[in-house]
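Here's the structure, in structure tokens; my notes come after.
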Amino acid sequence: MDLKRLWSGAFIVIALAGFALRSGALAWGLPYQLDPDDPLLFIGATQIRLLGHRELKANYPPLRIYELAGEQWVTEAASGGAARQDQIFFFGRAFSALYSVVLLALAYQLGRRIHSRAAGALMAMFLAAESAAVVNGSQMRADVLAWLLALAALIVTVVSVERRSQRWLAPALGLSAAAFLAKYNMLPVIAAPALVGLFTVVRKRWARMAWLLGGAFLLIAGILLLRTSPLIRAILLEVFNLRRLLRPNYVFATQLRENAQRLVENLGAVNLVAALLGLGLAWGTPGRSGTHRMKLGALAFSGAVAAVIYTQAEARFKDMYYLVLIFALFWAVGIVTMARWIRPPVLGAATAILVGGLLAAPWVRADLDQLAELRRPDTRVATAEWLRRTVPQGARVACEYDCAELQGGYGGFPGPQSFHTEVAHSIYDRRLAEYQASGIEYLIADNRASGFFSGAVAPAFAANVKEVARFQDGEFVGPDRVIFQVPPIQQHALYRRIGDAISFRGFDLPQTTVVAGKDLSVTLYWMSARTTPANLIVFVHLAKDENSAPVAQFDGPPLNGTQPTFEWGGDMQFWIDPRTIPLAADVPPGQYQLRVGMYDADTGERLSVRSPKGEEQGTAMLLGEITVAR
């Protein structure tokens, strides 16, 4: 049997299986995005496409965001500008899955150039099945693009060694820089072409040693500066957003042990042993040339640099993935090298595939379990859907832990925000009266926070709020959620949008019958959705109908002029505006309508009134019928 065809066919099967695992989760949660990287990258890309620059506070590496902006532009152009947000999200995730297939192809090529087609196929198997690779390949993250560029840089570095040509080092360094700009934790990849360049450009051994010692000195000095220089720490925080580098009470040995534990937990001790064995076997195999050892040395050196750098931070498993890529290569080399001792060669190849499959099986099982979990309803999606069905758009909601699924950039909502949200460490942080005074109408408890679920329910809280929905137990995945309704401070809740900056929240009307010659009292509740330079005047008119002249009225700025609208902040401030409308003694008895609205003091133009869904409803709101008596 032709072993080349066998391994080429095995790679094709592996690549298809890897794509199938990733594509199964592409539409997970849409139109909601429950992982923060998806929507934050989307928001940054949208800002670049629409505004020409990023306003996103999170300092994500730029390359993936700009690439996503290009994807969005293509999607918008192909749809004639009619693409929905969830469709754009889907295509962003689809590109991640396609990048994953390219990643597997590059893994195959790297393994083939370092050792054999068999090693390439098994390295692709490792990355096709490993759970973090599957998760990142099914979501709109920067990781897969960064890994792809890192493997491309390593392949070009290997080619430069094989051809003994310095011309390949420039593209290798360029790809390394691109990988870094896609994901900052890919910085160690630059060590491979740098080492090859050192050995090809510098001919004398003493000079090479001097360069190596100088590089080691710079690395150590950089780490010391990182730990001791406030300026360097500030730069890393502001530019690269490396907040985990500032871990208090940092101890090198402790961090090294914790990182090693994460690798063992995610990869398995047997797989790590296989990778280390593979490096030893590949290096020590008799008959290997100096060129072969240079290729291995460059990759192993970059892996060692990665291990040192990663010990300087509280690295998550996926943050150490460059090291995982190197492990995957030597894992494959170790299995294939040992399998070659088996005769005939076909049996050895079958053994290598079997052993690799058995070692990767726990990952595949975890991947399939994850796909099964994705088919179950998520509590966060259930929370958003319940609110959208039950609560008028524009309601103010406070959530424990986060409100990701209620924010416009995270879900398929028609406007920038369907709900006005804020995050609370615990729903017990404030008294109920404070929630009411700030206009908050719903509280969402989340078991990821140290609030409602962390202990006994406060009796005063339970007695004054109403539980309206609960999502937990075996029916759902995601955090346990309970939704409480806060009794509104306003007598009558009424949601309307006034112009572009003001939200009307309701009113108090203590009496619906008034005697001519007396005063009619009404309290209005406003919320500032955004800032406005306009000096807006509130009018309260009592008239027979909307086309009749008012028999009584009160026009004036909110809160008797103490808080004019041009001083309102755009952070959903809640304003309570009591008003008194005097009635003349000669007002004829009968039924009248009480209407409220706003107009611009400078132009006299009334602001439009719209429903929470954006439907135009004239320029005044009907609050109710008033009976005037003698």
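Naming scheme: A, B, ... for chains in displayed order of the structure tokens; residues 1 onward per chain; ligands 1 onward as shown.
Contact shell of Ala307 in chain A at 12 Å (only C-alpha atoms; same-chain neighbours under 6 positions omitted): Asn185, Met186, Leu187, Pro188, Val189, Phe252, Gln255, Leu256, Arg257, Asn259, Ala260, Leu263, Ala300, Phe301, Ala313, Ala315, Asp319, Met320, Tyr321, Tyr322, Leu323, Val324, Ile326 and Phe327 of chain A.
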Subject >> Asp402 in chain A environment, 12 Å, only C-alpha atoms, sequence neighbours closer than 6 positions dropped, as a ChimeraX atom specification >> reply: /A:34-36,380,410,421-427,443-449,479,481
So that I have them on file, write out the residues from the current selection with N, CA and C atoms, as a compact mmCIF listing (two decimals), in the first residue's frame.
```txt
# COMPACT_ATOMS: atom_id res chain seq x y z
N LEU A 34 -23.24 35.06 23.82
CA LEU A 34 -23.12 34.98 25.27
C LEU A 34 -21.67 34.99 25.74
N ASP A 35 -20.73 34.87 24.82
CA ASP A 35 -19.32 34.99 25.16
C ASP A 35 -18.88 36.40 24.79
N PRO A 36 -18.16 37.10 25.67
CA PRO A 36 -17.89 38.52 25.38
C PRO A 36 -17.02 38.78 24.16
N ARG A 380 -29.68 32.45 29.85
CA ARG A 380 -29.53 33.85 29.46
C ARG A 380 -30.41 34.18 28.26
N TYR A 410 -24.85 42.74 21.63
CA TYR A 410 -24.70 41.32 21.89
C TYR A 410 -25.81 40.49 21.27
N THR A 421 -29.75 48.89 30.88
CA THR A 421 -29.22 47.92 31.83
C THR A 421 -28.10 48.51 32.67
N GLU A 422 -27.93 47.94 33.84
CA GLU A 422 -26.76 48.21 34.66
C GLU A 422 -26.43 46.95 35.44
N VAL A 423 -25.16 46.82 35.82
CA VAL A 423 -24.69 45.62 36.50
C VAL A 423 -24.51 45.92 37.98
N ALA A 424 -25.00 45.02 38.83
CA ALA A 424 -24.85 45.14 40.27
C ALA A 424 -24.04 43.95 40.79
N HIS A 425 -23.15 44.19 41.72
CA HIS A 425 -22.42 43.09 42.35
C HIS A 425 -23.39 42.13 43.03
N SER A 426 -24.41 42.72 43.66
CA SER A 426 -25.47 41.95 44.31
C SER A 426 -26.75 42.77 44.25
N ILE A 427 -27.88 42.10 44.09
CA ILE A 427 -29.14 42.85 44.08
C ILE A 427 -29.45 43.41 45.47
N LEU A 443 -35.07 43.23 38.50
CA LEU A 443 -33.78 42.77 39.02
C LEU A 443 -33.58 41.33 38.57
N ILE A 444 -32.37 41.02 38.11
CA ILE A 444 -32.06 39.67 37.65
C ILE A 444 -30.95 39.10 38.52
N ALA A 445 -31.28 38.06 39.29
CA ALA A 445 -30.30 37.38 40.13
C ALA A 445 -29.58 36.32 39.31
N ASP A 446 -28.28 36.16 39.55
CA ASP A 446 -27.43 35.25 38.77
C ASP A 446 -26.53 34.50 39.74
N ASN A 447 -26.50 33.16 39.62
CA ASN A 447 -25.75 32.39 40.61
C ASN A 447 -24.24 32.50 40.44
N ARG A 448 -23.75 33.19 39.40
CA ARG A 448 -22.32 33.43 39.28
C ARG A 448 -21.86 34.58 40.17
N ALA A 449 -22.81 35.37 40.67
CA ALA A 449 -22.49 36.51 41.53
C ALA A 449 -22.68 36.13 42.99
N PRO A 479 -26.06 29.93 33.68
CA PRO A 479 -26.21 30.25 35.11
C PRO A 479 -27.67 30.28 35.53
N ARG A 481 -30.95 31.69 36.96
CA ARG A 481 -31.45 33.06 36.88
C ARG A 481 -32.83 33.14 37.54
```
Original post:
Expressed in Å to a single decimal, how great is the separation between CA of Ala585 in chain A and CA of Arg630 in chain A?
Top reply: 8.5 Å
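With CA of Thr580 in chain A on one side and CA of Ala601 in chain A on the other, the separation reads 20.1 Å.
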Looking only at helix (DSSP H, G or I) from DSSP on the backbone, list the matching residues of range 253-381 of chain A as a compact mmCIF listing (two decimals) with C-alpha atoms, in the first residue's frame.
```txt
# COMPACT_ATOMS: atom_id res chain seq x y z
CA ALA A 253 7.56 28.99 41.05
CA THR A 254 3.88 29.29 41.93
CA GLN A 255 2.95 30.61 38.49
CA LEU A 256 5.05 27.95 36.77
CA ARG A 257 3.27 25.23 38.75
CA GLU A 258 -0.17 26.69 38.03
CA ASN A 259 0.52 26.98 34.30
CA ALA A 260 1.82 23.41 34.22
CA GLN A 261 -1.32 22.24 36.01
CA ARG A 262 -3.51 23.95 33.41
CA LEU A 263 -1.61 22.25 30.60
CA VAL A 264 -1.90 18.85 32.29
CA GLU A 265 -5.61 19.33 33.04
CA ASN A 266 -6.44 20.30 29.46
CA LEU A 267 -4.03 18.12 27.50
CA ALA A 269 -0.35 13.85 31.30
CA VAL A 270 -0.01 11.04 28.75
CA ASN A 271 -0.17 13.50 25.86
CA LEU A 272 2.45 15.75 27.44
CA VAL A 273 4.75 12.77 27.97
CA ALA A 274 4.23 11.78 24.33
CA ALA A 275 5.18 15.31 23.22
CA LEU A 276 8.37 15.38 25.30
CA LEU A 277 9.24 11.88 24.10
CA GLY A 278 8.64 12.99 20.53
CA LEU A 279 11.11 15.86 20.88
CA GLY A 280 13.75 13.52 22.26
CA LEU A 281 13.19 10.88 19.57
CA ALA A 282 13.18 13.43 16.75
CA TRP A 283 16.39 15.01 17.98
CA GLY A 284 18.20 11.79 18.76
CA GLY A 290 22.30 19.41 10.87
CA THR A 291 19.51 21.02 8.83
CA HIS A 292 16.97 18.76 10.51
CA ARG A 293 18.31 19.62 13.95
CA MET A 294 18.24 23.33 13.11
CA LYS A 295 14.54 23.07 12.24
CA LEU A 296 13.78 21.20 15.45
CA GLY A 297 15.95 23.56 17.48
CA ALA A 298 14.21 26.67 16.17
CA LEU A 299 10.78 25.32 17.07
CA ALA A 300 11.87 23.96 20.44
CA PHE A 301 13.62 27.26 21.24
CA SER A 302 10.50 29.28 20.47
CA GLY A 303 8.51 26.89 22.67
CA ALA A 304 10.98 27.42 25.52
CA VAL A 305 10.70 31.19 25.12
CA ALA A 306 6.91 30.83 25.24
CA ALA A 307 7.12 28.79 28.44
CA VAL A 308 9.23 31.51 30.09
CA ILE A 309 6.99 34.36 28.93
CA TYR A 310 3.80 32.58 29.95
CA PHE A 317 -5.04 27.63 28.80
CA LYS A 318 -5.89 29.29 25.49
CA ASP A 319 -3.43 32.09 26.28
CA MET A 320 -0.65 29.48 26.22
CA TYR A 321 -1.72 28.03 22.91
CA TYR A 322 1.51 28.72 21.05
CA LEU A 323 3.10 26.26 23.45
CA VAL A 324 0.24 23.86 22.70
CA LEU A 325 0.99 24.13 18.96
CA ILE A 326 4.59 23.10 19.60
CA PHE A 327 3.40 20.26 21.85
CA ALA A 328 1.01 19.09 19.13
CA LEU A 329 3.88 18.80 16.66
CA PHE A 330 6.13 16.78 18.94
CA TRP A 331 3.16 14.71 20.18
CA ALA A 332 2.61 13.61 16.59
CA VAL A 333 6.34 13.02 16.01
CA GLY A 334 6.58 10.87 19.14
CA ILE A 335 3.66 8.62 18.18
CA VAL A 336 4.80 8.19 14.57
CA THR A 337 8.43 7.52 15.52
CA MET A 338 7.46 4.75 17.94
CA ALA A 339 4.94 3.29 15.48
CA PRO A 345 4.90 -0.33 7.71
CA VAL A 346 1.16 -0.48 7.02
CA LEU A 347 0.58 -2.02 10.44
CA GLY A 348 2.77 0.69 11.97
CA ALA A 349 0.71 3.38 10.23
CA ALA A 350 -2.53 1.81 11.45
CA THR A 351 -1.10 1.66 14.97
CA ALA A 352 -0.15 5.35 14.84
CA ILE A 353 -3.68 6.29 13.76
CA LEU A 354 -5.20 4.07 16.45
CA VAL A 355 -2.98 5.44 19.24
CA GLY A 356 -3.55 9.03 18.13
CA GLY A 357 -7.28 8.42 17.96
CA LEU A 358 -7.37 6.87 21.43
CA LEU A 359 -5.41 9.77 22.92
CA ALA A 360 -7.66 12.31 21.18
CA ALA A 361 -10.89 10.45 22.06
CA PRO A 362 -11.49 12.29 25.40
CA TRP A 363 -11.40 15.60 23.54
CA VAL A 364 -13.81 14.34 20.89
CA ARG A 365 -16.18 13.14 23.59
CA ALA A 366 -15.96 16.54 25.32
CA ASP A 367 -16.62 18.24 21.97
CA LEU A 368 -19.71 16.11 21.34
CA ASP A 369 -20.95 16.75 24.88
CA GLN A 370 -20.54 20.46 24.27
CA LEU A 371 -22.54 20.25 21.04
CA ALA A 372 -25.27 18.42 22.95
CA GLU A 373 -25.26 21.16 25.60
CA LEU A 374 -25.63 23.83 22.92
CA THR A 379 -30.90 30.57 30.83
CA ARG A 380 -29.53 33.85 29.46
CA VAL A 381 -31.41 33.43 26.19
```
**OP:** Have a look at A:Arg388, A:Arg117, A:Gly478, A:Pro39 and name the one nearest to Arg376 in chain A; count only C-alpha atoms.
**Re:** A:Gly478
**OP:** Mind listing the strand (DSSP E) residues of range 470-603 of chain A, per DSSP on the backbone, as a ChimeraX atom specification?
**Re:** /A:470-471,481-485,492-498,502-508,513-515,519-528,536-543,552-556,573-582,590-600
Subject >> Nearest to Asp480 in chain A, chosen from A:Glu625, A:Asp602, A:Asp508, A:Glu400, with only C-alpha atoms counted in the distances >> reply: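 The shortest atom-to-atom distance to Asp480 in chain A comes from A:Glu400.
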Original post:
Can you list, as a PyMOL selection string, every protein, DNA or RNA residue that comes within 10 Å of range 4-21 of chain A when you count only C-alpha atoms, leaving out same-chain residues fewer than 5 positions away?
Top reply: chain A and resi 26+97-105+108+116-131+133-135+137-138+346+349-350+353+364+367-368+370-371
Subject >> Non-local contacts of Ile489 in chain A (12 Å; only C-alpha atoms; under 2 positions in same chain excluded) as a ChimeraX atom specification >> reply: /A:432-441,485-487,491-493,505-508,523-525,574-576
